[in-house]
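Below is one structure; the comments refer to it alone.
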Number of protein chains: 2
Amino acid sequence: MHNLKIDAERLWGTIMETGQIGGTEKGGVRRLTLTDLDRQVRDWFWNACEDAGCSVTIDEMGNMFARRPGRDNSLPPIMVGSHLDTQPSGGKFDGVLGVLSGLELVRTLNAAGYETTAPIEVANWTNEEGSRFSPAMVASGVFAGVFDRDYAYGLQDREGLTFGAELRRIGFQGEAKCGGRPLSAYFELHIEQGPILEAEDKRIGVVTHAQGTRWYNVKVTGFESHAGTTPMPMRRDALVGAALLIAELDAIALRHAPAAMSTVGVIDAQPGSINVIAGEVSLTVDLRHPEDAVLDAMDAAFRSAAERIGKERRLDIAIENFWKNPPTAFDGACVDIVRQAAEAAGYAHRDIISGAGHDAVYIARIAPTAMIFVPCEKGISHNETENIGIADAEAGANVLMRAVLEYDRRLAERESRS
Amino acid sequence: MHNLKIDAERLWGTIMETGQIGGTEKGGVRRLTLTDLDRQVRDWFWNACEDAGCSVTIDEMGNMFARRPGRDNSLPPIMVGSHLDTQPSGGKFDGVLGVLSGLELVRTLNAAGYETTAPIEVANWTNEEGSRFSPAMVASGVFAGVFDRDYAYGLQDREGLTFGAELRRIGFQGEAKCGGRPLSAYFELHIEQGPILEAEDKRIGVVTHAQGTRWYNVKVTGFESHAGTTPMPMRRDALVGAALLIAELDAIALRHAPAAMSTVGVIDAQPGSINVIAGEVSLTVDLRHPEDAVLDAMDAAFRSAAERIGKERRLDIAIENFWKNPPTAFDGACVDIVRQAAEAAGYAHRDIISGAGHDAVYIARIAPTAMIFVPCEKGISHNETENIGIADAEAGANVLMRAVLEYDRRLAERESRS
């Protein structure tokens, strides 16, 4: 088993081929979920999997599962996968790498005549991106019991078209129930979408956790007044209050380094005139950390900073935590297997935390799950310039294959012992 | 002379009467320059001044001068005045108080049979507000030689109508040359438009200086990246850089307390998404101080803070100083006369700096000039809720009259000495 290697050129060829479906002039991909282009790439994937000897099942959420049977098909499958939909100005690799590395795994096993103990399934999850139908990862979410199927069917895009109608329109509303079936394990290969691996010259990120995220709306209310006639000590400048809070949020994340993150991405100051002191400022806050206890501490520090600034500056600062996504610790055994696979294959690696959401985060709720990251150029993703090297794709797919085969070996061992 | 007092009820009556012309439901006034409503209030003023025995001259900029002759009409006039135009959602007092206190001065002198040595002129300056035709104070500016007449004629409002055409349309393009004639002195009574006098329970502000103002556009350029995958130390967060700069600008003004002011009124962060680190932030900066040397120091501190923050945070911070208005020190003798007048009349007073622009700032370039402030409720102005008490109007008009008569007495003294 340890001499098996995926065919990097073949894998790269499939990535470049699917990159033509919705490909943009700048080398990116625009392939929104449940559009005709999504149907095209789904048809491509379906054919490729059947050509590789798999049976393909579509479930009621449009999730696609290409199954390569094992020796003992009563065992739940070891699943790999990701998604083939993209952002409006997306790249060729986000999601695609994980799905096509699954196809490459099947092709490699076929070529080697390798029979696994458990069946292997390669998944293409519907609507991971969430940029046409929000929320993101809704179909893996239904699979994991996080969302209700009919809730997902009712989601609308900006034109008022529903998820359900569009799913039927492209012919991908399958009959299989979404979820409610066991998986032996789930492994997802994905580009990092961040700069760490490239900066540290590591080929593989062993993803131990996915961060928890808390999203807030903040409103700072002061008093609108004349910039030329209101002495500094008499001001209730909402924008100065917001600025102090933004600086403090930055410091809070740095105090919980290296895993903590805090971001203020949206700010609006009213009335928005050069010579008028801002009376009201709205801003968003995004806090992330892989542990809930630390998120609680960051939340408390944020609130107490807001209270102090509000008191010092005579401002009213209202904080609304409108969304929480709890942290995910991936399965210890699966994570170890990924780390050992990277080590055994001789790739420089490091443990890493996923900051972005992934289908694996939902699947982790119902099955032993781990993720594998490979570097992307300058950490850029969700962008037409998103890029990786063929050696990155190769390394990721090899580690994915090794992890799957090692997990399968352990299943066989367990079976033989029982 | 020291027993003369203006008639507060009569003055208040004229303010309330003109407040009907363009009066709004909320008790404010919308009387934009060179509109039909402006013509109405000009006609009202013209009639009132002629009824008070004045001759009224209109100059080529539409400035109105109501002249009450003195004993020696070869002397340049002592001028008082302000403006009758308002903001789109303005109040009854901004500008109006200064013009109608001039009318009230004439009426009081008439009633007392008081003959001044120099002639007195009451001015209504065209387009002080600048909210229809920018820049503000353009007609006192032409009078003082700051702007060219034809430049002013060519100014356009949002509908593309020109200042010159609108001036002719309402019949107020006079034949007298604008400016080019001496004034013995100029005194302008105005509401403070800030909160200082009310907060300190002073009835009179003796305006010693008008602040210099510098306006800047700042662009902070970082790097747009994912809020969940970019570790804090690797970020180039333009909004954190902007926040640190805003906090520093606040501190710079506080270090030059009490006269210094700094305001960031406009901010825009791109791309403006909750989970994307801002790559580019634009903001405006408004710095004010009555001394150019201190403005230079504030400017230098601002630039060095930007350089430090830019270096520490790996941001590019570009600063453009697109407008400068130099500070004005009002005439020492005129300021002393105002202070003594307030003292003699028994009004609580304090020296104060004008933060807003006024016609007096331009007239100060060509004649000995001073200003008198009275408090306005909560410091609110440029707002329909702008308000003052009748006692404030009375005090301001009495100090204005006392200052004019004292200045006139000194002119007489000088004349008798020569």
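Ordering of the structure tokens sets the chain letters (A, B, ...), residue numbers begin anew at 1 in every chain, and ligands are numbered from 1 in the order given.
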*Per DSSP on the backbone, filter range 76-187 of chain B down to the residues in strand (DSSP E) and report them as a PyMOL selection string.*
chain B and resi 78-82+120-124+185-187
Show me which bits of chain A are within 6 Å of chain B, counting only C-alpha atoms, as an mmCIF file with N, CA and C atoms, in the first residue's frame.
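For reference, result10.cif as written:
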data_model
loop_
_atom_site.group_PDB
_atom_site.id
_atom_site.type_symbol
_atom_site.label_atom_id
_atom_site.label_comp_id
_atom_site.auth_asym_id
_atom_site.auth_seq_id
_atom_site.Cartn_x
_atom_site.Cartn_y
_atom_site.Cartn_z
ATOM 1 N N GLY A 194 -5.670 30.532 3.255
ATOM 2 C CA GLY A 194 -4.968 31.444 4.148
ATOM 3 C C GLY A 194 -3.489 31.339 3.832
ATOM 4 N N GLY A 228 -16.328 72.355 14.021
ATOM 5 C CA GLY A 228 -15.549 73.567 14.288
ATOM 6 C C GLY A 228 -15.905 74.254 15.582
ATOM 7 N N THR A 229 -17.016 73.864 16.189
ATOM 8 C CA THR A 229 -17.496 74.637 17.343
ATOM 9 C C THR A 229 -17.668 73.784 18.590
ATOM 10 N N THR A 230 -17.384 72.493 18.496
ATOM 11 C CA THR A 230 -17.589 71.621 19.657
ATOM 12 C C THR A 230 -16.222 71.234 20.232
ATOM 13 N N ALA A 243 -13.499 53.690 16.770
ATOM 14 C CA ALA A 243 -12.073 53.479 16.481
ATOM 15 C C ALA A 243 -11.373 52.860 17.691
ATOM 16 N N GLY A 265 -15.161 44.272 9.588
ATOM 17 C CA GLY A 265 -15.118 44.374 8.130
ATOM 18 C C GLY A 265 -16.022 45.452 7.573
ATOM 19 N N VAL A 266 -17.052 45.815 8.341
ATOM 20 C CA VAL A 266 -18.059 46.768 7.858
ATOM 21 C C VAL A 266 -18.163 47.920 8.842
ATOM 22 N N GLY A 272 -21.927 61.413 8.079
ATOM 23 C CA GLY A 272 -20.967 61.244 7.001
ATOM 24 C C GLY A 272 -20.633 62.532 6.278
ATOM 25 N N SER A 273 -20.251 63.555 7.036
ATOM 26 C CA SER A 273 -19.881 64.843 6.456
ATOM 27 C C SER A 273 -18.557 65.272 7.074
ATOM 28 N N ILE A 274 -17.682 65.843 6.257
ATOM 29 C CA ILE A 274 -16.314 66.119 6.717
ATOM 30 C C ILE A 274 -16.272 67.008 7.951
ATOM 31 N N VAL A 276 -18.775 67.410 10.281
ATOM 32 C CA VAL A 276 -19.791 67.073 11.288
ATOM 33 C C VAL A 276 -19.294 65.863 12.089
ATOM 34 N N ILE A 277 -19.316 65.977 13.398
ATOM 35 C CA ILE A 277 -18.919 64.871 14.267
ATOM 36 C C ILE A 277 -19.963 63.758 14.134
ATOM 37 N N ALA A 278 -19.495 62.526 13.931
ATOM 38 C CA ALA A 278 -20.407 61.400 13.715
ATOM 39 C C ALA A 278 -21.272 61.165 14.954
ATOM 40 N N THR A 284 -19.567 45.804 12.217
ATOM 41 C CA THR A 284 -19.710 44.367 12.454
ATOM 42 C C THR A 284 -18.447 43.859 13.143
ATOM 43 N N GLY A 355 -10.035 28.237 9.506
ATOM 44 C CA GLY A 355 -10.780 29.448 9.833
ATOM 45 C C GLY A 355 -12.069 29.540 9.048
ATOM 46 N N ALA A 356 -12.061 29.009 7.852
ATOM 47 C CA ALA A 356 -13.252 29.053 7.009
ATOM 48 C C ALA A 356 -14.177 27.888 7.355
#
*Using only C-alpha atoms, which residues sit within 12 Å of range 161-165 of chain A once same-chain residues fewer than 6 positions away are excluded, as a list in words?*
Leu32, Thr33, Leu34, Thr35, Glu60, Met61, Gly62, Thr126, Asn127, Gly130, Arg132, Phe133, Ser134, Pro135, Val138, Ala139, Arg149, Asp150, Tyr151, Ala152, Tyr153, Gly154, Leu155, Gly171, Phe172, Gln173 and Gly174 of chain A
*Report the residues of range 127-283 of chain B whose backbone DSSP state falls under helix (DSSP H, G or I), written as a ChimeraX atom specification.*
/B:138-143,149-153,163-169,196-199,232-234,238-255
*Residues within 10 Å of Val361 in chain B, only C-alpha atoms, excluding chain neighbours under 4 positions, as a PyMOL selection string*: chain B and resi 137+140-141+144+188+209-211+326-330+354+356-357+365-366+369-371
_Atomic separation - CA of Asp51 in chain B relative to CA of Ile191 in chain B, Å_ =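 Rounded to one decimal, the two atoms are 26.6 Å apart.
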*Can you tell me how far CA of Val106 in chain A sits from CA of Leu167 in chain A, in Å to one decimal?*
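Taking CA of Val106 in chain A and CA of Leu167 in chain A, their separation equals 27.1 Å.
CA of His358 in chain A is positioned 20.7 Å from CA of Thr385 in chain A.
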With only C-alpha atoms as the counted atoms, please give the residues lying no more than 12 Å from Asp7 in chain A, apart from itself and same-chain residues fewer than 6 positions off, as a CSV table (one decimal) with all heavy atoms, in the first residue's frame.
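What follows is the written file part_30.csv:
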chain,number,residue,atom,x,y,z
A,13,GLY,N,-5.0,17.5,-14.8
A,13,GLY,CA,-5.8,17.5,-16.0
A,13,GLY,C,-7.3,17.7,-15.7
A,13,GLY,O,-8.0,18.4,-16.4
A,14,THR,N,-7.8,16.9,-14.7
A,14,THR,CA,-9.2,17.0,-14.4
A,14,THR,C,-9.6,18.4,-13.8
A,14,THR,O,-10.7,19.0,-14.1
A,14,THR,CB,-9.7,15.9,-13.4
A,14,THR,OG1,-8.9,16.1,-12.2
A,14,THR,CG2,-9.5,14.5,-14.0
A,100,LEU,N,-12.1,16.1,-6.9
A,100,LEU,CA,-11.3,15.5,-7.9
A,100,LEU,C,-10.2,14.6,-7.4
A,100,LEU,O,-9.8,13.6,-8.0
A,100,LEU,CB,-10.9,16.5,-9.0
A,100,LEU,CG,-12.0,17.3,-9.7
A,100,LEU,CD1,-11.5,18.2,-10.8
A,100,LEU,CD2,-13.1,16.3,-10.2
A,101,SER,N,-9.7,14.9,-6.2
A,101,SER,CA,-8.7,14.1,-5.6
A,101,SER,C,-9.4,12.7,-5.1
A,101,SER,O,-8.7,11.7,-5.1
A,101,SER,CB,-8.1,14.7,-4.3
A,101,SER,OG,-7.3,15.8,-4.8
A,103,LEU,N,-11.9,11.4,-7.0
A,103,LEU,CA,-11.9,10.7,-8.2
A,103,LEU,C,-10.6,10.1,-8.6
A,103,LEU,O,-10.4,8.9,-9.0
A,103,LEU,CB,-12.4,11.6,-9.3
A,103,LEU,CG,-12.3,11.1,-10.8
A,103,LEU,CD1,-13.2,9.9,-11.0
A,103,LEU,CD2,-12.6,12.3,-11.8
A,104,GLU,N,-9.5,10.9,-8.3
A,104,GLU,CA,-8.1,10.4,-8.6
A,104,GLU,C,-7.8,9.2,-7.7
A,104,GLU,O,-7.1,8.2,-8.1
A,104,GLU,CB,-7.1,11.5,-8.4
A,104,GLU,CG,-5.7,11.2,-8.6
A,104,GLU,CD,-5.4,10.6,-10.0
A,104,GLU,OE1,-6.1,11.0,-10.9
A,104,GLU,OE2,-4.5,9.7,-10.1
A,105,LEU,N,-8.3,9.2,-6.5
A,105,LEU,CA,-8.1,8.1,-5.5
A,105,LEU,C,-8.7,6.8,-6.1
A,105,LEU,O,-8.0,5.8,-6.2
A,105,LEU,CB,-8.7,8.5,-4.2
A,105,LEU,CG,-9.1,7.3,-3.2
A,105,LEU,CD1,-7.8,6.6,-2.7
A,105,LEU,CD2,-9.8,7.9,-2.0
A,106,VAL,N,-9.9,7.0,-6.6
A,106,VAL,CA,-10.6,5.8,-7.2
A,106,VAL,C,-9.8,5.3,-8.4
A,106,VAL,O,-9.5,4.1,-8.6
A,106,VAL,CB,-12.0,6.2,-7.6
A,106,VAL,CG1,-12.6,5.1,-8.5
A,106,VAL,CG2,-12.9,6.4,-6.4
A,107,ARG,N,-9.4,6.2,-9.3
A,107,ARG,CA,-8.6,5.8,-10.5
A,107,ARG,C,-7.3,5.1,-10.1
A,107,ARG,O,-6.9,4.1,-10.7
A,107,ARG,CB,-8.3,7.0,-11.3
A,107,ARG,CG,-9.6,7.6,-12.0
A,107,ARG,CD,-9.3,8.9,-12.7
A,107,ARG,NE,-10.4,9.2,-13.7
A,107,ARG,CZ,-10.4,10.3,-14.4
A,107,ARG,NH1,-9.4,11.2,-14.3
A,107,ARG,NH2,-11.4,10.6,-15.2
A,108,THR,N,-6.6,5.7,-9.1
A,108,THR,CA,-5.4,5.1,-8.6
A,108,THR,C,-5.6,3.7,-8.1
A,108,THR,O,-4.8,2.7,-8.4
A,108,THR,CB,-4.7,6.0,-7.6
A,108,THR,OG1,-4.5,7.3,-8.1
A,108,THR,CG2,-3.3,5.4,-7.1
A,109,LEU,N,-6.6,3.5,-7.3
A,109,LEU,CA,-6.9,2.2,-6.7
A,109,LEU,C,-7.3,1.2,-7.8
A,109,LEU,O,-6.8,0.0,-7.8
A,109,LEU,CB,-8.1,2.2,-5.7
A,109,LEU,CG,-7.8,3.1,-4.4
A,109,LEU,CD1,-9.0,3.0,-3.5
A,109,LEU,CD2,-6.5,2.7,-3.7
A,111,ALA,N,-6.3,1.4,-11.0
A,111,ALA,CA,-5.1,1.0,-11.7
A,111,ALA,C,-4.2,0.0,-11.0
A,111,ALA,O,-3.6,-0.9,-11.6
A,111,ALA,CB,-4.3,2.3,-12.0
A,112,ALA,N,-4.2,0.1,-9.7
A,112,ALA,CA,-3.4,-0.8,-8.9
A,112,ALA,C,-4.1,-2.1,-8.5
A,112,ALA,O,-3.5,-3.0,-7.9
A,112,ALA,CB,-3.0,-0.1,-7.6
A,390,ILE,N,1.0,22.3,-9.0
A,390,ILE,CA,0.6,20.9,-9.2
A,390,ILE,C,1.2,20.0,-8.1
A,390,ILE,O,0.6,19.0,-7.7
A,390,ILE,CB,1.1,20.5,-10.6
A,390,ILE,CG1,0.6,19.0,-10.9
A,390,ILE,CG2,2.6,20.6,-10.8
A,390,ILE,CD1,0.8,18.6,-12.4
A,391,ALA,N,2.4,20.4,-7.6
A,391,ALA,CA,3.0,19.6,-6.5
A,391,ALA,C,2.1,19.7,-5.2
A,391,ALA,O,2.1,18.8,-4.4
A,391,ALA,CB,4.4,20.2,-6.2
A,393,ALA,N,-1.2,20.0,-5.2
A,393,ALA,CA,-2.4,19.1,-5.5
A,393,ALA,C,-2.0,17.7,-5.3
A,393,ALA,O,-2.7,16.9,-4.7
A,393,ALA,CB,-2.9,19.4,-6.9
A,394,GLU,N,-0.8,17.4,-5.8
A,394,GLU,CA,-0.3,16.0,-5.8
A,394,GLU,C,-0.1,15.6,-4.3
A,394,GLU,O,-0.5,14.5,-3.9
A,394,GLU,CB,1.1,15.9,-6.5
A,394,GLU,CG,1.7,14.6,-6.4
A,394,GLU,CD,3.1,14.5,-7.2
A,394,GLU,OE1,3.7,15.6,-7.3
A,394,GLU,OE2,3.5,13.4,-7.6
A,395,ALA,N,0.5,16.4,-3.5
A,395,ALA,CA,0.8,16.1,-2.1
A,395,ALA,C,-0.5,15.9,-1.4
A,395,ALA,O,-0.7,14.9,-0.6
A,395,ALA,CB,1.6,17.2,-1.5
A,396,GLY,N,-1.5,16.8,-1.6
A,396,GLY,CA,-2.7,16.7,-0.9
A,396,GLY,C,-3.5,15.4,-1.2
A,396,GLY,O,-4.0,14.7,-0.3
A,397,ALA,N,-3.5,15.1,-2.5
A,397,ALA,CA,-4.2,13.9,-3.0
A,397,ALA,C,-3.5,12.6,-2.5
A,397,ALA,O,-4.1,11.6,-2.1
A,397,ALA,CB,-4.3,13.8,-4.5
A,398,ASN,N,-2.2,12.6,-2.4
A,398,ASN,CA,-1.4,11.5,-1.9
A,398,ASN,C,-1.7,11.3,-0.4
A,398,ASN,O,-1.9,10.2,0.1
A,398,ASN,CB,0.1,11.6,-2.1
A,398,ASN,CG,0.5,11.0,-3.4
A,398,ASN,OD1,-0.1,10.1,-3.9
A,398,ASN,ND2,1.5,11.7,-4.1
A,401,MET,N,-5.2,9.9,0.0
A,401,MET,CA,-5.2,8.5,-0.3
A,401,MET,C,-4.6,7.6,0.8
A,401,MET,O,-5.2,6.6,1.3
A,401,MET,CB,-4.5,8.2,-1.6
A,401,MET,CG,-4.5,6.7,-2.0
A,401,MET,SD,-3.8,6.4,-3.6
A,401,MET,CE,-2.1,6.8,-3.3
*So, counting only C-alpha atoms, which residue among A:Val399, A:Leu183, A:Ala306, A:Val29 is closest to Phe143 in chain A?*
A:Leu183
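Distances from A:Asp201, A:Gly113, A:Arg236, A:Ala48 to Glu312 in chain A were compared using only C-alpha atoms, and the smallest one belongs to A:Arg236.
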_7 Å contact set for Ile21 in chain B, only C-alpha atoms, chain neighbours under 2 positions out, as a count of residues only_ = 5
